[in-house]
Amino acid sequence: MAQSTAQHAARPQALALNGGDPVFKTPVPFMSLALTPEDKAAAMGVLDSGMLRQGPKCAELEKRFSMATGAKHAHTCANGTCALQLAYEPLLQPGDEVLVCAWTYIATASMIVARGCKPVWADCLPDTYQIDVADAEKRITPKTMAIAATHVYGMPVDIDAVEALAKKHNLKIIYDAAQAHLATYKGKGLGEFGDAVTYSFYATKNLGTGEGGMITTNDDDLSFKIQRLRSHGESDTKYLHESIGYNYRMNDITAAIGCSRMDRLGEQTDRRREIAARYNERIADVQGVATPVTTPGAEPVWHLYTLRLEEGAMSCDRDAFCAALKAEGVPTAVHYPLSLTEQPAFKGFVTDHPPVARSIAKGVFSLPIHHDLSDEQVDKIADAVAKVAGAYRA
Ligand SMILES: Cc1ncc(COP(=O)(O)O)c(C=O)c1O
């Protein structure tokens, strides 16, 4: 493997971009989203029953999800953004400062703003791309009340460090596990940690239902509040509303697809892990391309397999590199093109740009990773990365 990489480096084949033969004649799919006959039958079962609203299938998904993640309570909801809102609202007060990494999807931070709180940006670590807890600590003020930590790409953050920081400064912890279904830390499910953990079941997630979300918690009181908030603050008495709330409920059609997909999630996660290990091994020797580094103690679920072009290592930029991979039949995606402090939406909440997050945004790109990829496809994708890197190395 290392040998073929070295050959590419020494003698790059003509890139498909320049008229050479592509590695794949037919592009390899970036993701695998199709419903199986079982998924469709599960959805049809609900349609046939006429019980289209939140009902027994939501309850089943909640039960299975709490067991799978090690949490006491689980609550379905409409999507991962609502899940964050439902977790933030009871845990935060307007005006609170909340530590959040500049390297995450927008929703983790935008819902802090939606709660009337102030996001305080921490940098990410240069190897795992997860929140840099030491940097976060430097930004704590008397107004800092919580930390919102995302397990970006399906890679758990350094949970020991987050918990130690929270304990020292009396902070609430919300983990955004939208990309990290079934990930573990030191052998424990992610639901065992923090005040609340939120998930997304958006179509492309490891467990995708189209739209959908979940919040887990081990706190009985918080669980009660989340349930109330999800459905207009309604008490056990119909149309008696104890508090202001939302309609953030899931429906049973969605939940039935979720339950059906959960049957395969464990085995599909294992396959993602095999693929990530295979990519790591085959791409490790490709100079100028950084492979992902795992947080010690974490077992990621590889929602994304993200490489990074090291600064100055290539004679082209990341976008040209990805265009060359595309010509080889390897689609890529960029997670993310900007750090959050560079997003126009957060103008007014930014005093400085955490440098690591800003710098990695220029170099990262994600390769296809999903259960339908064969070993042969994985090897050829790795070869394509080596081929393009060989051609463009500075
Ligand atoms: C880290 C993270 N948080 C939150 C969300 C929001 O989830 P949803 O799209 O289901 O609202 C996503 C979705 O992409 C995400 O990746």
# chains A, B, ... in the order shown; residues from 1 in each chain; ligands from 1
>>> closest_atom_pairs(of="chain A", to="ligand 1", cutoff="8 Å", atoms="only C-alpha atoms and all ligand atoms", output="Markdown table")
| residue | atom | partner | partner_atom_place_in_ligand_line | distance |
| --- | --- | --- | --- | --- |
| A:Ala78 | CA | ligand 1 | 10 (O) | 7.7 |
| A:Asn79 | CA | ligand 1 | 10 (O) | 3.9 |
| A:Gly80 | CA | ligand 1 | 7 (O) | 3.4 |
| A:Thr81 | CA | ligand 1 | 11 (O) | 3.7 |
| A:Cys82 | CA | ligand 1 | 11 (O) | 6.5 |
| A:Ala83 | CA | ligand 1 | 11 (O) | 7.8 |
| A:Leu84 | CA | ligand 1 | 4 (C) | 7.3 |
| A:Thr104 | CA | ligand 1 | 1 (C) | 5.8 |
| A:Tyr105 | CA | ligand 1 | 1 (C) | 4.7 |
| A:Ile106 | CA | ligand 1 | 3 (N) | 7.0 |
| A:Ala107 | CA | ligand 1 | 4 (C) | 4.8 |
| A:Thr108 | CA | ligand 1 | 3 (N) | 5.3 |
| A:Thr150 | CA | ligand 1 | 1 (C) | 5.9 |
| A:His151 | CA | ligand 1 | 1 (C) | 7.2 |
| A:Val152 | CA | ligand 1 | 1 (C) | 6.1 |
| A:Tyr153 | CA | ligand 1 | 1 (C) | 7.8 |
| A:Asp176 | CA | ligand 1 | 3 (N) | 5.8 |
| A:Ala177 | CA | ligand 1 | 1 (C) | 6.5 |
| A:Ala178 | CA | ligand 1 | 2 (C) | 4.7 |
| A:Gln179 | CA | ligand 1 | 16 (O) | 5.5 |
| A:Thr198 | CA | ligand 1 | 4 (C) | 7.9 |
| A:Tyr199 | CA | ligand 1 | 7 (O) | 7.1 |
| A:Ser200 | CA | ligand 1 | 10 (O) | 4.1 |
| A:Phe201 | CA | ligand 1 | 10 (O) | 5.7 |
| A:Tyr202 | CA | ligand 1 | 10 (O) | 4.7 |
| A:Lys205 | CA | ligand 1 | 14 (O) | 7.7 |
| A:Glu211 | CA | ligand 1 | 10 (O) | 5.9 |
| A:Gly212 | CA | ligand 1 | 10 (O) | 5.8 |
| A:Gly213 | CA | ligand 1 | 10 (O) | 5.9 |
>>> write_last_selection(atoms="C-alpha atoms", output="short mmCIF file (atom, residue, chain, number, x, y, z; two decimals), in the first residue's frame")
data_model
loop_
_atom_site.label_atom_id
_atom_site.label_comp_id
_atom_site.auth_asym_id
_atom_site.auth_seq_id
_atom_site.Cartn_x
_atom_site.Cartn_y
_atom_site.Cartn_z
CA ALA A 78 -38.82 17.51 14.67
CA ASN A 79 -35.11 17.96 13.89
CA GLY A 80 -31.68 18.48 15.42
CA THR A 81 -32.09 22.26 15.57
CA CYS A 82 -35.28 21.89 17.65
CA ALA A 83 -33.43 19.38 19.80
CA LEU A 84 -30.83 22.05 20.62
CA THR A 104 -19.08 23.09 14.28
CA TYR A 105 -22.27 23.26 12.23
CA ILE A 106 -24.08 26.58 12.61
CA ALA A 107 -27.05 25.24 14.60
CA THR A 108 -25.01 24.52 17.76
CA THR A 150 -20.22 19.18 19.36
CA HIS A 151 -18.83 15.75 18.55
CA VAL A 152 -17.85 17.02 15.11
CA TYR A 153 -17.75 14.46 12.26
CA ASP A 176 -24.41 18.18 20.23
CA ALA A 177 -24.20 14.60 18.93
CA ALA A 178 -26.07 15.32 15.67
CA GLN A 179 -23.27 13.53 13.80
CA THR A 198 -28.94 16.31 21.13
CA TYR A 199 -29.13 14.41 17.84
CA SER A 200 -30.25 15.04 14.27
CA PHE A 201 -31.84 12.46 11.98
CA TYR A 202 -31.51 14.64 8.89
CA LYS A 205 -26.96 11.48 9.04
CA GLU A 211 -35.95 15.21 9.14
CA GLY A 212 -35.96 14.34 12.81
CA GLY A 213 -34.16 14.77 16.11
#
>>> select_by_dssp(residues="region 216-289 of chain A", states="strand (DSSP E or B)", output="list in words")
Thr216, Thr217, Ser231, Glu234, His241, Asn247 and Val289 of chain A
>>> write_last_selection(atoms="C-alpha atoms", output="compact mmCIF listing (two decimals), in the first residue's frame")
# COMPACT_ATOMS: atom_id res chain seq x y z
CA THR A 216 -31.46 12.57 25.78
CA THR A 217 -30.89 13.36 29.43
CA SER A 231 -45.77 20.33 22.89
CA GLU A 234 -49.43 21.21 27.68
CA HIS A 241 -51.00 24.79 29.11
CA ASN A 247 -44.84 22.16 18.43
CA VAL A 289 -2.54 15.21 3.37
>>> closest_residue(among="A:Val301, A:Ala394, A:Ser260, A:Gly19", to="Pro37 (chain A)", atoms="only C-alpha atoms")
A:Ser260
>>> closest_residue(among="A:Gln343, A:Thr184, A:Ser366, A:Asn206", to="Arg271 (chain A)", atoms="only C-alpha atoms")
A:Asn206
>>> closest_residue(among="A:Leu325, A:Val98, A:Leu86, A:Ala68", to="Cys117 (chain A)", atoms="only C-alpha atoms")
A:Val98
>>> residues_around(residues="Cys322 (chain A)", least_positions_apart="3", cutoff="9 Å", atoms="only C-alpha atoms", output="PDB file with C-alpha atoms, in the first residue's frame")
ATOM      1  CA  ASP A 317      -5.791  25.156  -3.251  1.00  0.00           C
ATOM      2  CA  ARG A 318      -8.299  22.757  -1.686  1.00  0.00           C
ATOM      3  CA  ASP A 319     -11.015  23.525  -4.237  1.00  0.00           C
ATOM      4  CA  LEU A 325     -10.620  14.268  -7.386  1.00  0.00           C
ATOM      5  CA  LYS A 326     -14.038  14.790  -8.921  1.00  0.00           C
ATOM      6  CA  ALA A 327     -12.553  14.276 -12.384  1.00  0.00           C
ATOM      7  CA  VAL A 330     -14.317  10.778  -6.422  1.00  0.00           C
ATOM      8  CA  PRO A 331     -16.883  13.277  -5.118  1.00  0.00           C
ATOM      9  CA  THR A 332     -15.966  15.264  -2.019  1.00  0.00           C
ATOM     10  CA  ALA A 333     -17.699  17.798   0.225  1.00  0.00           C
ATOM     11  CA  PHE A 365     -12.489  18.005   2.552  1.00  0.00           C
ATOM     12  CA  VAL A 388      -3.887  13.934  -7.114  1.00  0.00           C
TER      13      VAL A 388
END
>>> atom_distance(atom1="CA of Arg358 (chain A)", atom2="CA of Ser339 (chain A)")
5.4 Å
